[in-house]
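Participant: Sharing a structure with you now.
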Amino acid sequence: MLSGGTVTITKADFSQLTILVIDDSDFLRRLVLEMLSGFGVGKILLAESAQEAFARMEVARPDLIICDWQMHPVDGLAVLRKLRLQPSEDYPRIPFIMLTGHNSTDDVTTAIGEGADSYIVKPFSSATLMTHLLKVILADKGHLDTKEAWAV
Amino acid sequence: MSKRSSLRDKISGPNAVSIETLVERAASASQRVQQQFDTFLKLRVGDLEALQAHMARDPEAEAWRNFFTIVRDIRGSSALAGKMGVNRFCISLETLLQERDPADPRMPSAIASHVDALHIVTLGKAGDELSQSLLAEQLSLAVDSLPVIKRDFRPTV
């Protein structure tokens, strides 16, 4: 049983979720892909760079983003800043989980301060990933979707 | 204006499965990838060895950036695979690349020592985690003996 705030959840069906994983390491992408597949996530988008991630978001809007901080040449913090500083119909407020090898308080504060919804320090287990996913999912209230709104 | 459904609504489907079961499924799936770490490491160490010659010729060459990127890849992957000895070698090598003078005459041998350590791991001859930890400590001491100079491998964003 895992909980997010005051809400507790014992069962889940992730088949309707689309999650974008951004990591420049092929090994890490495959590992997170396998974990998310094991969770039964319906659609998993993979990007090995910030550029590829934004290109993928043009085609399919993810429900949630999992992004590595230490990427090259554009790091995960730059991706997060772009998403949060330019909220628009292209980049609505998509929940964002930062992956990192850093575990200092300063780094956590920086990531959260920039708008990350959660922060996972590597190495991590599938149970840890699930805990953070549920935390972010249970905290999500849904957001105005301007593209959808304009279409109505 | 419409509002998209919350993510909580999205995961409340009729085919919901217990969280424990999902975590177990994910753990066994990820274990398969973790078992492939040795193959991954062998390939990436081969890439590092191939780049070393280019780096010796030119301290500003793109080969340095590529080399650094591979080291970061190995470091992050080793952490997830639980290979902490490899992880320590990479941390020491990252410090060497980012914070020491590439033109220092001792630099090539310092880099080679780190790559050799990684190579020995791929051969399965680096001993247990404690032995690797002691070796990583020796490598760090070698790095500490070199003059400090900061390098940034990230281009301006």
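Identifiers for the structure tokens are assigned positionally: chains receive A, B, ... in sequence, residues are indexed from 1 per chain, and ligands are indexed from 1 in the order shown.
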For segment 11-21 of chain A, find every residue with an atom within 10 Å (counting only C-alpha atoms), except residues of its own chain fewer than 3 positions away, and show them as a PyMOL selection string.
Facilitator: (chain A and resi 1-2+8+24+28-30+32-33+36-37+39-49+53+56-57+60-68+95-97+134) or (chain B and resi 7-22)
Participant: Quick one: residues within 12 Å of Trp69 of chain A, only C-alpha atoms, excluding same-chain residues fewer than 2 positions away - as a PyMOL selection string?
Facilitator: (chain A and resi 21-25+49-50+66-67+71-81+96-103+107-108+110-111+116+119-122) or (chain B and resi 72+76)
Participant: Using the selection just defined, write its residues with N, CA, C and O atoms as a short mmCIF file (atom, residue, chain, number, x, y, z; two decimals), in the first residue's frame.
Facilitator:
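Everything below was put into out19.cif:
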data_model
loop_
_atom_site.label_atom_id
_atom_site.label_comp_id
_atom_site.auth_asym_id
_atom_site.auth_seq_id
_atom_site.Cartn_x
_atom_site.Cartn_y
_atom_site.Cartn_z
N VAL A 21 10.14 9.53 -21.02
CA VAL A 21 11.40 9.32 -20.29
C VAL A 21 12.52 9.99 -21.07
O VAL A 21 12.73 9.68 -22.25
N ILE A 22 13.21 10.93 -20.43
CA ILE A 22 14.30 11.66 -21.10
C ILE A 22 15.61 11.33 -20.39
O ILE A 22 15.78 11.65 -19.21
N ASP A 23 16.49 10.66 -21.09
CA ASP A 23 17.78 10.29 -20.50
C ASP A 23 18.76 10.03 -21.63
O ASP A 23 18.42 9.34 -22.59
N ASP A 24 19.98 10.56 -21.51
CA ASP A 24 20.95 10.37 -22.59
C ASP A 24 21.68 9.03 -22.46
O ASP A 24 22.49 8.69 -23.31
N SER A 25 21.39 8.29 -21.41
CA SER A 25 22.02 6.98 -21.25
C SER A 25 21.08 5.88 -21.76
O SER A 25 19.96 5.73 -21.26
N SER A 49 17.62 13.07 -25.69
CA SER A 49 18.12 14.44 -25.54
C SER A 49 16.94 15.38 -25.33
O SER A 49 15.79 15.01 -25.60
N ALA A 50 17.26 16.59 -24.89
CA ALA A 50 16.21 17.59 -24.69
C ALA A 50 15.52 17.90 -26.01
O ALA A 50 14.29 18.01 -26.08
N ILE A 66 9.60 11.90 -16.87
CA ILE A 66 10.69 11.45 -16.00
C ILE A 66 11.97 11.83 -16.72
O ILE A 66 12.21 11.38 -17.85
N CYS A 67 12.79 12.67 -16.10
CA CYS A 67 13.94 13.23 -16.82
C CYS A 67 15.20 13.16 -15.97
O CYS A 67 15.18 13.49 -14.78
N MET A 71 22.33 15.38 -18.02
CA MET A 71 22.41 15.02 -19.44
C MET A 71 23.36 15.98 -20.13
O MET A 71 23.66 17.05 -19.64
N HIS A 72 23.78 15.57 -21.31
CA HIS A 72 24.71 16.39 -22.09
C HIS A 72 24.19 16.45 -23.54
O HIS A 72 23.78 15.42 -24.05
N PRO A 73 24.14 17.57 -24.19
CA PRO A 73 24.64 18.88 -23.78
C PRO A 73 23.64 19.71 -22.96
O PRO A 73 24.04 20.58 -22.21
N VAL A 74 22.34 19.47 -23.11
CA VAL A 74 21.35 20.25 -22.36
C VAL A 74 20.87 19.38 -21.20
O VAL A 74 20.39 18.26 -21.42
N ASP A 75 20.99 19.88 -19.98
CA ASP A 75 20.65 19.03 -18.84
C ASP A 75 19.16 19.10 -18.48
O ASP A 75 18.39 19.88 -19.05
N GLY A 76 18.79 18.22 -17.53
CA GLY A 76 17.38 18.10 -17.16
C GLY A 76 16.81 19.36 -16.54
O GLY A 76 15.61 19.65 -16.68
N LEU A 77 17.67 20.12 -15.86
CA LEU A 77 17.19 21.35 -15.23
C LEU A 77 16.79 22.37 -16.32
O LEU A 77 15.80 23.10 -16.16
N ALA A 78 17.56 22.38 -17.40
CA ALA A 78 17.23 23.29 -18.52
C ALA A 78 15.90 22.88 -19.16
O ALA A 78 15.10 23.74 -19.55
N VAL A 79 15.66 21.57 -19.25
CA VAL A 79 14.39 21.08 -19.80
C VAL A 79 13.24 21.54 -18.90
O VAL A 79 12.23 22.06 -19.38
N LEU A 80 13.43 21.35 -17.60
CA LEU A 80 12.39 21.73 -16.63
C LEU A 80 12.11 23.24 -16.69
O LEU A 80 10.95 23.67 -16.69
N ARG A 81 13.18 24.02 -16.75
CA ARG A 81 13.01 25.50 -16.81
C ARG A 81 12.23 25.89 -18.05
O ARG A 81 11.35 26.75 -17.99
N PHE A 96 6.46 16.50 -13.41
CA PHE A 96 7.86 16.28 -13.78
C PHE A 96 8.61 15.63 -12.62
O PHE A 96 8.63 16.17 -11.52
N ILE A 97 9.21 14.48 -12.89
CA ILE A 97 10.04 13.80 -11.89
C ILE A 97 11.50 13.87 -12.34
O ILE A 97 11.82 13.46 -13.46
N MET A 98 12.36 14.41 -11.49
CA MET A 98 13.77 14.54 -11.83
C MET A 98 14.56 13.35 -11.29
O MET A 98 14.41 12.98 -10.12
N LEU A 99 15.37 12.75 -12.16
CA LEU A 99 16.28 11.68 -11.74
C LEU A 99 17.67 12.29 -11.60
O LEU A 99 18.07 13.08 -12.44
N THR A 100 18.38 11.91 -10.57
CA THR A 100 19.71 12.48 -10.42
C THR A 100 20.63 11.61 -9.58
O THR A 100 20.17 10.79 -8.79
N GLY A 101 21.92 11.82 -9.79
CA GLY A 101 22.92 11.15 -8.96
C GLY A 101 23.28 12.01 -7.77
O GLY A 101 23.98 11.58 -6.86
N HIS A 102 22.79 13.25 -7.76
CA HIS A 102 23.08 14.18 -6.65
C HIS A 102 22.03 14.01 -5.55
O HIS A 102 20.85 13.94 -5.83
N ASN A 103 22.47 14.00 -4.32
CA ASN A 103 21.48 13.90 -3.24
C ASN A 103 21.66 14.99 -2.19
O ASN A 103 21.20 14.83 -1.06
N ASP A 107 20.61 20.53 -4.07
CA ASP A 107 20.13 20.04 -5.36
C ASP A 107 18.63 19.76 -5.32
O ASP A 107 17.91 20.08 -6.27
N VAL A 108 18.19 19.16 -4.23
CA VAL A 108 16.75 18.88 -4.09
C VAL A 108 15.99 20.20 -4.10
O VAL A 108 14.99 20.36 -4.82
N THR A 110 16.90 23.05 -5.35
CA THR A 110 16.96 23.65 -6.69
C THR A 110 15.91 23.04 -7.61
O THR A 110 15.14 23.75 -8.26
N ALA A 111 15.88 21.70 -7.64
CA ALA A 111 14.94 21.01 -8.54
C ALA A 111 13.50 21.34 -8.19
O ALA A 111 12.69 21.66 -9.07
N ALA A 116 10.03 21.03 -10.23
CA ALA A 116 9.93 19.57 -10.28
C ALA A 116 8.89 19.12 -9.25
O ALA A 116 8.78 19.71 -8.17
N TYR A 119 11.62 14.03 -6.97
CA TYR A 119 13.05 13.99 -7.16
C TYR A 119 13.55 12.62 -6.71
O TYR A 119 13.36 12.25 -5.55
N ILE A 120 14.13 11.85 -7.64
CA ILE A 120 14.60 10.49 -7.30
C ILE A 120 16.12 10.43 -7.43
O ILE A 120 16.67 10.78 -8.47
N VAL A 121 16.75 9.99 -6.35
CA VAL A 121 18.21 9.86 -6.37
C VAL A 121 18.59 8.45 -6.82
O VAL A 121 18.03 7.47 -6.34
N LYS A 122 19.52 8.37 -7.79
CA LYS A 122 20.00 7.09 -8.28
C LYS A 122 21.01 6.50 -7.30
O LYS A 122 21.79 7.26 -6.72
N ARG B 72 30.17 9.62 -18.01
CA ARG B 72 28.93 9.95 -17.28
C ARG B 72 27.89 8.85 -17.47
O ARG B 72 27.16 8.50 -16.55
N GLY B 76 26.30 6.77 -14.33
CA GLY B 76 24.88 6.71 -14.02
C GLY B 76 24.33 5.29 -14.10
O GLY B 76 23.57 4.85 -13.24
#
Participant: As a ChimeraX atom specification, please: the residues near Ile149 of chain B (cut-off 8 Å, only C-alpha atoms, same-chain neighbours under 5 positions excluded).
Facilitator: /B:98-101
Participant: If you keep N, CA and C atoms, can you produce a file of those selected residues as a short mmCIF file (atom, residue, chain, number, x, y, z; two decimals), in the first residue's frame?
Facilitator:
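What follows is the written file selection_31.cif:
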data_model
loop_
_atom_site.label_atom_id
_atom_site.label_comp_id
_atom_site.auth_asym_id
_atom_site.auth_seq_id
_atom_site.Cartn_x
_atom_site.Cartn_y
_atom_site.Cartn_z
N GLN B 98 37.29 17.07 -15.54
CA GLN B 98 36.67 18.39 -15.37
C GLN B 98 37.52 19.37 -14.58
N GLU B 99 38.38 18.85 -13.71
CA GLU B 99 39.04 19.75 -12.77
C GLU B 99 40.57 19.68 -12.80
N ARG B 100 41.12 19.05 -13.81
CA ARG B 100 42.58 18.99 -13.90
C ARG B 100 43.02 19.45 -15.29
N ASP B 101 44.27 19.95 -15.35
CA ASP B 101 44.78 20.53 -16.59
C ASP B 101 45.02 19.44 -17.66
#
Participant: B:Ala26, B:Leu41, B:Ala53, B:Val71: which is nearest Gln70 of chain A, counting only C-alpha atoms?
Facilitator: B:Val71
Participant: Determine which residues of segment 3-157 of chain B receive a DSSP assignment of alpha helix (DSSP H), computed from the backbone, and state them as a VMD selection string.
Facilitator: chain B and resid 7 to 10 19 to 34 37 to 57 62 to 81 84 to 99 107 to 122 129 to 144
Participant: Report, in Å with one decimal, the straight-line distance from atom CA of Asp128 of chain B to atom CA of Gly85 of chain B.
Facilitator: 8.4 Å
Participant: If you count only C-alpha atoms, which residues fall within 8 Å of Glu34 of chain A, apart from same-chain ones fewer than 6 positions away, as a list in words?
Facilitator: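 Here the qualifying residues turn out to be Ala26, Ala29, Ser30 and Val33 of chain B.
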Participant: Would you save the residues from that selection as an mmCIF file, in the first residue's frame, using N, CA and C atoms?
Facilitator:
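Final output, result.cif:
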data_model
loop_
_atom_site.group_PDB
_atom_site.id
_atom_site.type_symbol
_atom_site.label_atom_id
_atom_site.label_comp_id
_atom_site.auth_asym_id
_atom_site.auth_seq_id
_atom_site.Cartn_x
_atom_site.Cartn_y
_atom_site.Cartn_z
ATOM 1 N N ALA B 26 7.695 -5.142 -12.238
ATOM 2 C CA ALA B 26 8.710 -4.177 -12.686
ATOM 3 C C ALA B 26 10.092 -4.597 -12.204
ATOM 4 N N ALA B 29 11.386 -7.369 -14.354
ATOM 5 C CA ALA B 29 11.709 -6.854 -15.701
ATOM 6 C C ALA B 29 13.019 -6.068 -15.676
ATOM 7 N N SER B 30 13.200 -5.243 -14.647
ATOM 8 C CA SER B 30 14.411 -4.412 -14.585
ATOM 9 C C SER B 30 15.642 -5.265 -14.290
ATOM 10 N N VAL B 33 17.481 -6.221 -17.371
ATOM 11 C CA VAL B 33 18.342 -5.164 -17.924
ATOM 12 C C VAL B 33 19.625 -5.045 -17.101
#
Participant: In Å, rounded to a single decimal, give me how far atom CA of Ile74 of chain B is from atom CA of Asp26 of chain A.
Facilitator: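 Computing the Euclidean distance for atom CA of Asp26 of chain A and atom CA of Ile74 of chain B yields 10.1 Å.
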Participant: Provide the atom CA of Pro123 of chain A to atom CA of Gly82 of chain B distance in Å, to one decimal place.
Facilitator: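 Between atom CA of Pro123 of chain A and atom CA of Gly82 of chain B the gap works out to 7.0 Å.
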Participant: Pick the closest to chain B from A:Thr10, A:Thr109, A:Ser118, A:Ser104: which is it, counting only C-alpha atoms?
Facilitator: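 Among A:Thr10, A:Thr109, A:Ser118, A:Ser104, it is A:Thr10 that comes nearest to chain B.
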Participant: Using only C-alpha atoms for the distances, tell me which of B:Pro102, B:Asp152, B:Gly127, B:Leu134 is nearest to chain A.
Facilitator: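 Nearest to chain A: B:Asp152.
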Participant: For chain A, which residue out of B:Glu62, B:Asp144, B:Asp73, B:Glu129 is the nearest one, using only C-alpha atoms?
Facilitator: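 Among the listed residues, the smallest separation from chain A belongs to B:Asp73.
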Participant: Looking only at the backbone, which of the residues in segment 30-152 of chain A does DSSP tag as strand (DSSP E or B), as a list in words?
Facilitator: Lys43, Ile44, Leu45, Leu46, Ala47, Leu64, Ile65, Ile66, Cys67, Asp68, Phe96, Ile97, Met98, Leu99, Thr100, Ser118, Tyr119, Ile120, Val121 and Leu144 of chain A
Participant: Please produce a file of those selected residues containing N, CA, C and O atoms, as an mmCIF file, in the first residue's frame.
Facilitator:
data_model
loop_
_atom_site.group_PDB
_atom_site.id
_atom_site.type_symbol
_atom_site.label_atom_id
_atom_site.label_comp_id
_atom_site.auth_asym_id
_atom_site.auth_seq_id
_atom_site.Cartn_x
_atom_site.Cartn_y
_atom_site.Cartn_z
ATOM 1 N N LYS A 43 1.636 3.844 -22.657
ATOM 2 C CA LYS A 43 2.490 4.375 -23.721
ATOM 3 C C LYS A 43 3.730 4.997 -23.080
ATOM 4 O O LYS A 43 3.604 5.890 -22.230
ATOM 5 N N ILE A 44 4.889 4.528 -23.508
ATOM 6 C CA ILE A 44 6.138 5.055 -22.965
ATOM 7 C C ILE A 44 6.932 5.671 -24.115
ATOM 8 O O ILE A 44 7.271 4.990 -25.085
ATOM 9 N N LEU A 45 7.166 6.968 -24.009
ATOM 10 C CA LEU A 45 7.942 7.665 -25.035
ATOM 11 C C LEU A 45 9.367 7.810 -24.528
ATOM 12 O O LEU A 45 9.574 8.150 -23.361
ATOM 13 N N LEU A 46 10.336 7.564 -25.398
ATOM 14 C CA LEU A 46 11.729 7.667 -24.982
ATOM 15 C C LEU A 46 12.428 8.761 -25.778
ATOM 16 O O LEU A 46 12.223 8.887 -26.984
ATOM 17 N N ALA A 47 13.238 9.554 -25.073
ATOM 18 C CA ALA A 47 14.024 10.590 -25.746
ATOM 19 C C ALA A 47 15.422 10.591 -25.153
ATOM 20 O O ALA A 47 15.583 10.509 -23.938
ATOM 21 N N LEU A 64 3.053 12.667 -17.943
ATOM 22 C CA LEU A 64 4.071 12.808 -16.912
ATOM 23 C C LEU A 64 5.448 12.680 -17.568
ATOM 24 O O LEU A 64 5.587 11.966 -18.563
ATOM 25 N N ILE A 65 6.413 13.376 -17.010
ATOM 26 C CA ILE A 65 7.773 13.319 -17.562
ATOM 27 C C ILE A 65 8.734 12.821 -16.482
ATOM 28 O O ILE A 65 8.687 13.281 -15.338
ATOM 29 N N ILE A 66 9.598 11.896 -16.871
ATOM 30 C CA ILE A 66 10.688 11.453 -15.996
ATOM 31 C C ILE A 66 11.975 11.828 -16.719
ATOM 32 O O ILE A 66 12.209 11.382 -17.847
ATOM 33 N N CYS A 67 12.785 12.665 -16.103
ATOM 34 C CA CYS A 67 13.940 13.226 -16.817
ATOM 35 C C CYS A 67 15.205 13.164 -15.967
ATOM 36 O O CYS A 67 15.180 13.487 -14.777
ATOM 37 N N ASP A 68 16.300 12.772 -16.592
ATOM 38 C CA ASP A 68 17.582 12.753 -15.887
ATOM 39 C C ASP A 68 18.146 14.171 -15.826
ATOM 40 O O ASP A 68 18.037 14.942 -16.785
ATOM 41 N N PHE A 96 6.461 16.502 -13.415
ATOM 42 C CA PHE A 96 7.858 16.275 -13.785
ATOM 43 C C PHE A 96 8.608 15.626 -12.620
ATOM 44 O O PHE A 96 8.634 16.166 -11.516
ATOM 45 N N ILE A 97 9.210 14.477 -12.893
ATOM 46 C CA ILE A 97 10.043 13.800 -11.888
ATOM 47 C C ILE A 97 11.495 13.874 -12.344
ATOM 48 O O ILE A 97 11.820 13.462 -13.457
ATOM 49 N N MET A 98 12.357 14.410 -11.486
ATOM 50 C CA MET A 98 13.775 14.544 -11.829
ATOM 51 C C MET A 98 14.556 13.349 -11.291
ATOM 52 O O MET A 98 14.412 12.980 -10.123
ATOM 53 N N LEU A 99 15.371 12.747 -12.160
ATOM 54 C CA LEU A 99 16.279 11.677 -11.744
ATOM 55 C C LEU A 99 17.667 12.286 -11.596
ATOM 56 O O LEU A 99 18.071 13.083 -12.440
ATOM 57 N N THR A 100 18.382 11.906 -10.572
ATOM 58 C CA THR A 100 19.709 12.481 -10.420
ATOM 59 C C THR A 100 20.631 11.613 -9.582
ATOM 60 O O THR A 100 20.170 10.789 -8.789
ATOM 61 N N SER A 118 8.739 15.890 -8.170
ATOM 62 C CA SER A 118 9.394 14.919 -7.305
ATOM 63 C C SER A 118 10.833 14.743 -7.768
ATOM 64 O O SER A 118 11.198 15.201 -8.860
ATOM 65 N N TYR A 119 11.615 14.034 -6.966
ATOM 66 C CA TYR A 119 13.048 13.995 -7.158
ATOM 67 C C TYR A 119 13.546 12.625 -6.709
ATOM 68 O O TYR A 119 13.362 12.246 -5.551
ATOM 69 N N ILE A 120 14.125 11.846 -7.637
ATOM 70 C CA ILE A 120 14.598 10.494 -7.298
ATOM 71 C C ILE A 120 16.116 10.435 -7.427
ATOM 72 O O ILE A 120 16.667 10.782 -8.472
ATOM 73 N N VAL A 121 16.754 9.987 -6.352
ATOM 74 C CA VAL A 121 18.214 9.858 -6.370
ATOM 75 C C VAL A 121 18.591 8.446 -6.819
ATOM 76 O O VAL A 121 18.031 7.466 -6.337
ATOM 77 N N LEU A 144 -6.119 23.012 -16.919
ATOM 78 C CA LEU A 144 -6.800 23.500 -18.110
ATOM 79 C C LEU A 144 -5.973 23.151 -19.333
ATOM 80 O O LEU A 144 -4.760 23.320 -19.351
#
Participant: Give the answer as one residue: which of B:Val143, B:Met84, B:Met55, B:Val121 has the shortest atom-to-atom distance to chain A, using only C-alpha atoms?
Facilitator: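 Checking each candidate against chain A, we get B:Met84 as the closest.
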Participant: Which polymer residues have any atom within 9 Å of an atom of Ala27 of chain B, counting only C-alpha atoms, with same-chain residues fewer than 6 positions away left out, as a list in words?
Facilitator: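 Near Ala27 of chain B, the qualifying residues are Glu34, Met35, Gly38, Ser125, Ser126 and Ala127 of chain A.
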Participant: Write the residues of the selection above to a file with N, CA, C and O atoms, as a CSV table (one decimal), in the first residue's frame.
Facilitator:
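Contents of part.csv, as written:
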chain,number,residue,atom,x,y,z
A,34,GLU,N,11.7,-0.7,-18.8
A,34,GLU,CA,11.3,-2.0,-18.3
A,34,GLU,C,10.5,-1.9,-17.0
A,34,GLU,O,9.5,-2.6,-16.8
A,35,MET,N,10.9,-1.0,-16.2
A,35,MET,CA,10.1,-0.7,-14.9
A,35,MET,C,8.7,-0.3,-15.3
A,35,MET,O,7.7,-0.8,-14.7
A,38,GLY,N,6.6,-2.9,-16.7
A,38,GLY,CA,6.2,-3.8,-15.6
A,38,GLY,C,5.0,-3.2,-14.9
A,38,GLY,O,4.1,-4.0,-14.4
A,125,SER,N,15.0,1.7,-6.9
A,125,SER,CA,14.4,0.4,-7.2
A,125,SER,C,13.0,0.7,-7.9
A,125,SER,O,12.6,1.9,-7.9
A,126,SER,N,12.4,-0.4,-8.3
A,126,SER,CA,11.1,-0.2,-8.9
A,126,SER,C,10.0,0.3,-7.9
A,126,SER,O,9.1,1.0,-8.2
A,127,ALA,N,10.3,-0.1,-6.6
A,127,ALA,CA,9.3,0.3,-5.5
A,127,ALA,C,9.5,1.8,-5.3
A,127,ALA,O,8.5,2.5,-5.1
